[in-house]
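What follows is the content of coords-v7.cif, which has mmCIF, C-alpha atoms:
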```
data_input
#
loop_
_atom_site.label_atom_id
_atom_site.label_comp_id
_atom_site.auth_asym_id
_atom_site.auth_seq_id
_atom_site.Cartn_x
_atom_site.Cartn_y
_atom_site.Cartn_z
CA MET A 22 28.56 -0.76 -9.85
CA THR A 23 28.26 -3.93 -11.93
CA GLU A 24 24.84 -5.29 -12.79
CA ALA A 25 25.32 -8.22 -10.39
CA ASN A 26 26.10 -5.79 -7.55
CA THR A 27 23.09 -3.67 -8.42
CA VAL A 28 20.76 -6.66 -8.24
CA ASP A 29 22.30 -7.66 -4.89
CA ALA A 30 21.88 -4.15 -3.45
CA THR A 31 18.30 -3.84 -4.78
CA LEU A 32 17.35 -7.20 -3.31
CA ARG A 33 18.84 -6.41 0.13
CA ALA A 34 17.03 -3.04 0.23
CA LEU A 35 13.78 -4.74 -0.78
CA LEU A 36 14.05 -7.41 1.92
CA ALA A 37 14.88 -4.70 4.46
CA ASP A 38 11.71 -2.81 3.42
CA VAL A 39 9.39 -5.81 3.44
CA LEU A 40 10.76 -7.68 6.45
CA GLY A 41 11.77 -4.61 8.47
CA LEU A 42 15.28 -6.01 8.84
CA GLY A 43 17.12 -2.71 9.22
CA GLU A 44 20.23 -1.92 7.21
CA ALA A 45 22.65 -3.88 9.41
CA ARG A 46 20.69 -7.16 9.27
CA ALA A 47 20.07 -6.77 5.53
CA ALA A 48 23.79 -6.13 4.90
CA ALA A 49 24.70 -9.19 6.98
CA LEU A 50 22.68 -11.61 4.81
CA THR A 51 24.93 -14.23 3.22
CA GLU A 52 24.32 -16.77 0.46
CA ASP A 53 23.41 -19.33 3.12
CA SER A 54 21.08 -17.11 5.17
CA GLY A 55 17.71 -18.83 5.44
CA LEU A 56 14.60 -16.86 4.44
CA PHE A 57 11.20 -18.63 4.27
CA GLY A 58 10.79 -20.87 7.30
CA GLU A 59 13.74 -19.24 9.06
CA LEU A 60 12.77 -15.56 9.38
CA PRO A 61 9.48 -15.39 11.30
CA GLU A 62 8.46 -12.25 9.35
CA PHE A 63 8.64 -14.17 6.07
CA ASP A 64 5.05 -15.43 5.73
CA SER A 65 3.01 -16.04 2.56
CA MET A 66 1.95 -12.37 2.37
CA ALA A 67 5.61 -11.32 2.61
CA VAL A 68 6.52 -13.77 -0.18
CA ALA A 69 3.82 -12.18 -2.36
CA THR A 70 4.99 -8.65 -1.54
CA VAL A 71 8.62 -9.54 -2.28
CA LEU A 72 7.67 -10.99 -5.70
CA THR A 73 5.67 -7.90 -6.74
CA GLU A 74 8.42 -5.55 -5.52
CA MET A 75 11.06 -7.61 -7.37
CA GLU A 76 9.06 -7.10 -10.56
CA ASP A 77 8.78 -3.35 -9.97
CA ARG A 78 12.32 -2.66 -8.84
CA LEU A 79 14.22 -5.05 -11.11
CA GLY A 80 11.97 -4.49 -14.14
CA ILE A 81 11.19 -8.18 -14.58
CA LEU A 82 8.05 -10.34 -14.86
CA ILE A 83 7.79 -13.48 -12.78
CA ASP A 84 5.47 -16.32 -13.79
CA ASP A 85 3.75 -18.62 -11.33
CA ASP A 86 5.46 -21.71 -12.62
CA GLU A 87 8.93 -20.21 -12.12
CA ILE A 88 8.38 -20.09 -8.39
CA ASP A 89 9.09 -23.08 -6.23
CA GLY A 90 9.87 -23.36 -2.53
CA GLU A 91 13.61 -23.48 -3.20
CA ILE A 92 13.85 -19.88 -4.40
CA PHE A 93 12.96 -18.59 -0.96
CA GLU A 94 15.01 -21.12 0.97
CA THR A 95 18.16 -18.99 1.15
CA TYR A 96 19.28 -15.50 0.20
CA GLY A 97 21.75 -17.05 -2.26
CA ASN A 98 18.93 -18.87 -4.10
CA LEU A 99 16.81 -15.72 -4.33
CA LEU A 100 19.81 -13.71 -5.59
CA ALA A 101 20.71 -16.32 -8.22
CA PHE A 102 17.08 -16.42 -9.43
CA SER A 103 16.95 -12.60 -9.65
CA GLN A 104 20.21 -12.39 -11.55
CA ARG A 105 19.04 -15.02 -14.03
CA LYS A 106 15.82 -13.05 -14.60
CA VAL A 107 17.59 -9.70 -15.01
CA THR A 108 20.14 -10.98 -17.52
CA GLY A 109 17.28 -12.78 -19.29
CA MET B 30 -25.30 3.48 7.24
CA SER B 31 -22.71 5.96 8.40
CA GLU B 32 -19.19 4.77 9.08
CA HIS B 33 -16.90 5.67 11.93
CA ARG B 34 -14.26 8.27 11.33
CA LEU B 35 -11.30 9.44 13.35
CA ARG B 36 -11.27 13.22 13.53
CA ILE B 37 -8.58 15.33 15.16
CA ASP B 38 -9.41 19.01 15.56
CA PRO B 39 -7.03 21.92 16.04
CA ALA B 40 -7.48 24.51 18.78
CA GLY B 41 -9.76 27.13 17.17
CA THR B 42 -11.27 27.24 13.69
CA PRO B 43 -9.52 24.89 11.24
CA ARG B 44 -7.51 26.45 8.39
CA ALA B 45 -8.86 23.62 6.22
CA THR B 46 -9.75 19.94 6.64
CA ILE B 47 -7.40 17.21 5.47
CA LEU B 48 -9.32 14.05 4.60
CA ILE B 49 -6.95 11.08 4.65
CA VAL B 50 -7.70 8.20 2.29
CA PRO B 51 -5.83 5.21 3.68
CA PRO B 52 -4.14 2.51 1.59
CA LEU B 53 -6.31 -0.52 0.80
CA PHE B 54 -6.60 -3.80 2.70
CA GLU B 55 -3.66 -4.88 4.88
CA GLU B 56 -1.60 -1.86 3.84
CA ALA B 57 -4.03 0.32 5.81
CA ASN B 58 -3.13 -1.47 9.05
CA ARG B 59 0.58 -1.20 8.38
CA THR B 60 0.40 2.57 7.91
CA ARG B 61 -2.42 3.60 10.26
CA ARG B 62 -0.25 4.65 13.18
CA THR B 63 2.07 6.73 11.00
CA LEU B 64 -0.95 8.38 9.34
CA VAL B 65 -2.56 9.17 12.69
CA LEU B 66 0.71 10.73 13.91
CA ALA B 67 0.65 12.88 10.75
CA MET B 68 -2.96 13.87 11.57
CA ARG B 69 -1.88 14.99 15.05
CA ALA B 70 0.93 17.07 13.51
CA LEU B 71 -1.57 18.63 11.09
CA ALA B 72 -3.91 19.52 13.96
CA THR B 73 -1.03 21.20 15.81
CA ASP B 74 -0.50 23.22 12.62
CA GLY B 75 -4.14 24.39 12.61
CA PHE B 76 -5.76 21.84 10.29
CA ALA B 77 -8.61 19.47 11.07
CA ALA B 78 -7.71 15.92 10.02
CA VAL B 79 -10.25 13.17 9.25
CA LEU B 80 -9.57 9.49 8.63
CA PRO B 81 -12.81 7.75 7.58
CA ASP B 82 -13.45 4.00 7.73
CA LEU B 83 -14.16 2.70 4.24
CA PRO B 84 -17.31 0.50 4.08
CA GLY B 85 -16.20 -3.07 4.74
CA GLN B 86 -13.00 -2.03 6.52
CA ASN B 87 -12.10 -1.44 10.18
CA GLU B 88 -15.22 -0.93 12.34
CA SER B 89 -17.63 -0.96 9.39
CA LEU B 90 -20.67 -3.22 9.73
CA VAL B 91 -20.78 -3.74 5.96
CA PRO B 92 -19.38 -7.12 4.83
CA LEU B 93 -16.28 -6.55 2.69
CA VAL B 94 -17.64 -8.86 -0.01
CA GLU B 95 -20.49 -6.37 -0.63
CA VAL B 96 -18.25 -3.44 -1.54
CA ASP B 97 -16.20 -2.48 -4.56
CA LEU B 98 -14.08 0.49 -5.64
CA VAL B 99 -17.09 2.42 -6.93
CA ARG B 100 -18.80 2.16 -3.55
CA TRP B 101 -15.62 3.39 -1.83
CA GLN B 102 -15.37 6.31 -4.27
CA ASP B 103 -18.98 7.27 -3.54
CA ALA B 104 -18.50 6.91 0.23
CA LEU B 105 -15.51 9.26 0.13
CA ALA B 106 -17.38 11.77 -2.03
CA LYS B 107 -20.17 11.75 0.55
CA ALA B 108 -17.73 12.11 3.44
CA VAL B 109 -16.12 15.15 1.82
CA SER B 110 -19.48 16.76 0.94
CA GLY B 111 -20.41 16.71 4.64
CA ILE B 112 -17.38 18.76 5.70
CA ALA B 113 -17.67 22.55 6.05
CA GLY B 114 -14.89 24.68 4.56
CA PRO B 115 -12.11 23.73 2.14
CA VAL B 116 -11.04 20.08 2.03
CA ILE B 117 -7.74 18.66 0.84
CA VAL B 118 -7.93 14.95 0.04
CA ALA B 119 -4.66 13.22 0.93
CA SER B 120 -4.34 9.62 -0.23
CA LEU B 121 -1.72 6.96 0.21
CA ARG B 122 -0.97 4.08 -2.18
CA GLY B 123 -4.24 2.42 -3.32
CA GLY B 124 -6.20 5.26 -1.71
CA ALA B 125 -5.35 7.18 -4.89
CA LEU B 126 -7.63 4.80 -6.82
CA ILE B 127 -10.74 5.99 -4.98
CA ASP B 128 -10.10 9.70 -4.21
CA HIS B 129 -11.22 11.41 -7.43
CA LYS B 130 -15.02 11.53 -7.03
CA ALA B 131 -14.77 13.73 -3.95
CA LYS B 132 -15.24 17.45 -4.55
CA ALA B 133 -12.06 18.76 -2.96
CA ALA B 134 -10.14 22.06 -3.11
CA ALA B 135 -6.93 20.11 -3.77
CA TRP B 136 -5.49 16.59 -3.83
CA TRP B 137 -2.27 15.18 -2.40
CA ARG B 138 -1.03 11.65 -3.09
CA LEU B 139 1.85 9.64 -1.66
CA ALA B 140 3.28 6.68 -3.58
CA PRO B 141 0.12 6.01 -5.66
CA VAL B 142 -0.07 2.46 -6.98
CA GLY B 143 -2.06 0.78 -9.76
CA GLY B 144 -4.81 -1.63 -8.78
CA ALA B 145 -3.32 -4.43 -10.90
CA SER B 146 -0.17 -4.48 -8.78
CA LEU B 147 -2.21 -4.64 -5.52
CA LEU B 148 -4.36 -7.44 -6.92
CA ARG B 149 -1.32 -9.39 -8.12
CA THR B 150 0.17 -9.31 -4.61
CA LEU B 151 -3.13 -10.42 -3.01
CA MET B 152 -3.50 -13.28 -5.48
CA ARG B 153 0.12 -14.33 -4.99
CA ALA B 154 -0.36 -14.44 -1.23
CA ARG B 155 -3.25 -16.83 -1.85
CA VAL B 156 -1.19 -18.99 -4.22
CA SER B 157 1.69 -19.02 -1.72
CA ALA B 158 -0.59 -19.95 1.20
CA ASP B 159 -2.26 -22.65 -0.96
CA ARG B 160 1.15 -24.09 -1.82
CA GLU B 161 2.03 -24.34 1.89
CA ALA B 162 -1.24 -26.19 2.43
CA GLY B 163 -0.44 -28.57 -0.43
CA ILE B 164 -3.09 -27.13 -2.76
CA ALA B 165 -2.08 -26.29 -6.33
CA SER B 166 -3.51 -22.94 -7.46
CA SER B 167 -2.34 -20.37 -10.00
CA LEU B 168 -2.84 -16.68 -10.78
CA GLU B 169 -4.60 -17.61 -14.05
CA GLY B 170 -6.87 -20.08 -12.29
CA LEU B 171 -7.83 -17.53 -9.65
CA GLN B 172 -8.48 -14.85 -12.31
CA GLU B 173 -10.86 -17.27 -14.02
CA GLU B 174 -12.59 -18.24 -10.77
CA ALA B 175 -13.01 -14.56 -9.82
CA LYS B 176 -15.25 -13.96 -12.86
CA THR B 177 -18.09 -15.93 -11.31
CA ALA B 178 -17.51 -16.06 -7.55
CA PRO B 179 -15.96 -14.08 -4.70
CA LEU B 180 -12.38 -14.99 -3.80
CA LEU B 181 -10.73 -15.14 -0.39
CA LEU B 182 -7.41 -13.32 -0.88
CA ALA B 183 -5.08 -12.89 2.11
CA GLY B 184 -8.04 -12.85 4.48
CA ASN B 185 -10.16 -10.50 2.33
CA ARG B 186 -13.32 -11.93 0.74
CA LEU B 187 -13.55 -9.85 -2.44
CA SER B 188 -16.48 -9.84 -4.90
CA SER B 189 -16.09 -10.40 -8.63
CA ALA B 190 -16.86 -6.70 -9.17
CA MET B 191 -14.14 -5.64 -6.72
CA ILE B 192 -11.56 -7.92 -8.33
CA MET B 193 -12.42 -6.81 -11.90
CA GLN B 194 -12.36 -3.12 -10.93
CA LEU B 195 -9.12 -3.48 -9.00
CA GLY B 196 -7.38 -5.25 -11.88
CA ALA B 197 -8.16 -2.37 -14.25
CA SER B 198 -7.91 0.56 -11.85
CA GLU B 199 -5.44 3.44 -12.19
CA ALA B 200 -5.30 6.72 -10.27
CA GLN B 201 -7.45 9.28 -12.12
CA VAL B 202 -6.48 12.80 -13.16
CA VAL B 203 -7.44 15.42 -10.55
CA GLU B 204 -6.56 19.10 -10.28
CA PRO B 205 -4.71 20.62 -8.44
CA LEU B 206 -2.63 17.58 -7.44
CA ARG B 207 0.71 17.10 -5.75
CA SER B 208 1.88 13.51 -6.22
CA ALA B 209 4.88 12.64 -4.06
CA GLY B 210 7.03 9.56 -3.85
CA LEU B 211 9.48 8.43 -1.22
CA GLY B 212 12.95 9.95 -1.37
CA ALA B 213 14.78 13.19 -1.96
CA ASP B 214 12.08 14.95 -4.06
CA GLY B 215 9.21 13.66 -1.96
CA ILE B 216 8.79 12.31 1.54
CA ALA B 217 11.83 11.00 3.42
CA GLY B 218 10.87 7.67 4.93
CA THR B 219 10.45 3.96 4.41
CA PRO B 220 7.66 2.10 2.58
CA LEU B 221 5.90 0.98 5.76
CA TRP B 222 2.98 -0.30 3.65
CA LEU B 223 5.16 -3.20 2.48
CA ARG B 224 6.26 -4.21 5.95
CA ALA B 225 5.32 -7.72 7.11
CA GLU B 226 4.89 -6.44 10.67
CA PRO B 227 3.45 -3.01 11.47
CA GLY B 228 5.99 -0.31 12.21
CA GLU B 229 5.93 3.43 12.71
CA ASP B 230 8.03 6.34 11.57
CA ALA B 231 7.51 9.58 13.48
CA ALA B 232 9.92 11.54 11.24
CA MET B 233 7.95 10.41 8.19
CA SER B 234 4.68 11.50 9.85
CA ALA B 235 6.14 14.97 10.43
CA ALA B 236 7.35 15.11 6.80
CA ILE B 237 3.89 14.11 5.51
CA ALA B 238 2.18 16.80 7.61
CA ALA B 239 4.68 19.49 6.55
CA ASP B 240 4.34 18.56 2.87
CA ILE B 241 0.54 18.69 2.97
CA ALA B 242 0.63 22.05 4.80
CA ALA B 243 3.03 23.46 2.17
CA TRP B 244 0.79 22.19 -0.65
CA SER B 245 -2.22 23.84 0.99
CA LYS B 246 -0.33 27.17 0.94
CA THR B 247 0.78 26.66 -2.68
CA CYS B 248 -2.86 26.11 -3.67
CA GLY B 249 -3.83 29.32 -1.88
CA ILE B 250 -6.11 27.47 0.53
CA SER B 251 -4.49 28.49 3.81
#
```
As structure tokens, how would this structure be written, given the file I've shared?
Amino acid sequence: MTEANTVDATLRALLADVLGLGEARAAALTEDSGLFGELPEFDSMAVATVLTEMEDRLGILIDDDEIDGEIFETYGNLLAFSQRKVTG
Amino acid sequence: MSEHRLRIDPAGTPRATILIVPPLFEEANRTRRTLVLAMRALATDGFAAVLPDLPGQNESLVPLVEVDLVRWQDALAKAVSGIAGPVIVASLRGGALIDHKAKAAAWWRLAPVGGASLLRTLMRARVSADREAGIASSLEGLQEEAKTAPLLLAGNRLSSAMIMQLGASEAQVVEPLRSAGLGADGIAGTPLWLRAEPGEDAAMSAAIAADIAAWSKTCGIS
């Protein structure tokens, strides 16, 4: 598996865990799938949990000022942010 | 003031008592049903199972802002000292940060987590909620504020002492200990404590009960 695929798989599994999406719904997420504001489960506590789990599972550190509303707008945005962080 | 506790007894004399230390804050609600199902399975297997309310949580009359990790550690030690016969302390997630003062025959931990990680998530939830409300706050700013005043974090009003202790807290060495994670070498199941909406996992409950029972045997308790 390439690094990009690994990040994608890790992120889908993480969203499935936090949002209780189930494997099928997590696998069906596309670049354009809306997250915050679209999925009712995605509240501010879920955002916080996702950030801490991203740090643990992807081995990255996320600063406050890196986070804006856009990151959580779509799955594609969150994936692009994660891949940027992982490749440094 | 004594706190409520949920106790499930087996038919006949218990082989031993399993004292469950729940995860901290919201994670306790997300896992309570699965833990109680595990307690029922343990009782069927001949164990007594006890799930105490921590001061400041659940039905407790103590305001949360008045407690800290040390008080929780002492409350658990007292709860265990009042139980006749051997006790195995079984803790989940942040419960592992407060389980070591109890005098137990053995310890069992599932997915223990450092206090800093729990605190970071609580503070982030606050920053995220503030942002939605159009208020600019930051983790650094909240850390600074916490030194002199209680903070409201994801619905929990936490004292300076609680926040400082949580930020520096790691699970302590205890003996004998089985520390399990999720997955092939540990408990098959999902991390329900992360879940935005409470769920349950009956298979995971059964796996938890079976693993604790096996550990009890390994330790020569019963």
- Task: Residues of chain A near chain B: apply a cut-off of 6 Å, count only C-alpha atoms, and supply the list as a PyMOL selection string.
- Result: chain A and resi 39-40+62+65-67+69-70
- Mind telling me what the PyMOL selection byres ((chain A and resi 95-102) around 9) catches here, as a ChimeraX atom specification? /A:28-29,32,50-57,91-94,103-107
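The gap separating CA of Ala190 in chain B from CA of Lys107 in chain B is 21.1 Å, in Å to one decimal.
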Selection near Leu64 in chain B, 9 Å with only C-alpha atoms, sequence-local residues under 3 positions removed, as an mmCIF file with C-alpha atoms, in the coordinates of the input:
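In the end it all went to part_14.cif:
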```
data_model
loop_
_atom_site.group_PDB
_atom_site.id
_atom_site.type_symbol
_atom_site.label_atom_id
_atom_site.label_comp_id
_atom_site.auth_asym_id
_atom_site.auth_seq_id
_atom_site.Cartn_x
_atom_site.Cartn_y
_atom_site.Cartn_z
ATOM 1 C CA ILE B 49 -6.950 11.080 4.650
ATOM 2 C CA PRO B 51 -5.830 5.210 3.680
ATOM 3 C CA THR B 60 0.400 2.570 7.910
ATOM 4 C CA ARG B 61 -2.420 3.600 10.260
ATOM 5 C CA ALA B 67 0.650 12.880 10.750
ATOM 6 C CA MET B 68 -2.960 13.870 11.570
ATOM 7 C CA ARG B 69 -1.880 14.990 15.050
ATOM 8 C CA LEU B 80 -9.570 9.490 8.630
ATOM 9 C CA SER B 234 4.680 11.500 9.850
ATOM 10 C CA ILE B 237 3.890 14.110 5.510
#
```
- Could you expand the PyMOL selection byres ((chain B and resi 31) around 10) into the explicit residues it covers here, written as a VMD selection string? chain B and resid 30 32 to 34 82 84 89 to 90 104 108
- Note on the structure: CA of Ala200 in chain B to CA of Gly215 in chain B measures 18.1 Å
- Message: Which residues are near Thr31 in chain A? Cut-off 8 Å, all atoms listed in the file, ignore same chain within fewer than 3 positions. Put them as a list in words.
- Response: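 Using all atoms listed in the file, the neighbours found are Thr27, Val28, Ala34, Leu35, Arg78 and Leu79 of chain A.
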Mind writing the picked residues with C-alpha atoms as an mmCIF file, keeping the file's coordinate frame?
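Result written to again_36.cif:
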```cif
data_model
loop_
_atom_site.group_PDB
_atom_site.id
_atom_site.type_symbol
_atom_site.label_atom_id
_atom_site.label_comp_id
_atom_site.auth_asym_id
_atom_site.auth_seq_id
_atom_site.Cartn_x
_atom_site.Cartn_y
_atom_site.Cartn_z
ATOM 1 C CA THR A 27 23.090 -3.670 -8.420
ATOM 2 C CA VAL A 28 20.760 -6.660 -8.240
ATOM 3 C CA ALA A 34 17.030 -3.040 0.230
ATOM 4 C CA LEU A 35 13.780 -4.740 -0.780
ATOM 5 C CA ARG A 78 12.320 -2.660 -8.840
ATOM 6 C CA LEU A 79 14.220 -5.050 -11.110
#
```
- Record the distance separating CA of Leu48 in chain B and CA of Thr247 in chain B, expressed in Å with one decimal. 17.7 Å
- Item | Given the PyMOL selection byres ((chain B and resi 98) around 8), the residues it picks as a list in words |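 On this input, the PyMOL selection byres ((chain B and resi 98) around 8) captures Val96, Asp97, Val99, Arg100, Trp101, Gln102, Leu126, Ile127, Met191, Gln194 and Leu195 of chain B.
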- Message: Set the distance at 10 Å and use all atoms listed in the file: which residues neighbour Ala175 in chain B once local chain neighbours fewer than 4 positions away are removed? I'd like the list as an NGL selection string.
- Response: :B and (169-171 or 179-181 or 187-193)
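Counting only C-alpha atoms and comparing A:Arg46, A:Gly41, A:Leu82, A:Glu24, the residue that lies closest to Asp230 in chain B is A:Gly41.
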- Message: Within 10 Å of (-9.6, 11.4, 18.9) (file coordinates; only C-alpha atoms), which protein or nucleic acid residues are there? I'd like them as number ranges by chain.
- Response: B: 34-38, 65, 69, 79
Same residues, C-alpha atoms, output as an mmCIF file, in the frame of the given file:
```cif
data_model
loop_
_atom_site.group_PDB
_atom_site.id
_atom_site.type_symbol
_atom_site.label_atom_id
_atom_site.label_comp_id
_atom_site.auth_asym_id
_atom_site.auth_seq_id
_atom_site.Cartn_x
_atom_site.Cartn_y
_atom_site.Cartn_z
ATOM 1 C CA ARG B 34 -14.260 8.270 11.330
ATOM 2 C CA LEU B 35 -11.300 9.440 13.350
ATOM 3 C CA ARG B 36 -11.270 13.220 13.530
ATOM 4 C CA ILE B 37 -8.580 15.330 15.160
ATOM 5 C CA ASP B 38 -9.410 19.010 15.560
ATOM 6 C CA VAL B 65 -2.560 9.170 12.690
ATOM 7 C CA ARG B 69 -1.880 14.990 15.050
ATOM 8 C CA VAL B 79 -10.250 13.170 9.250
#
```
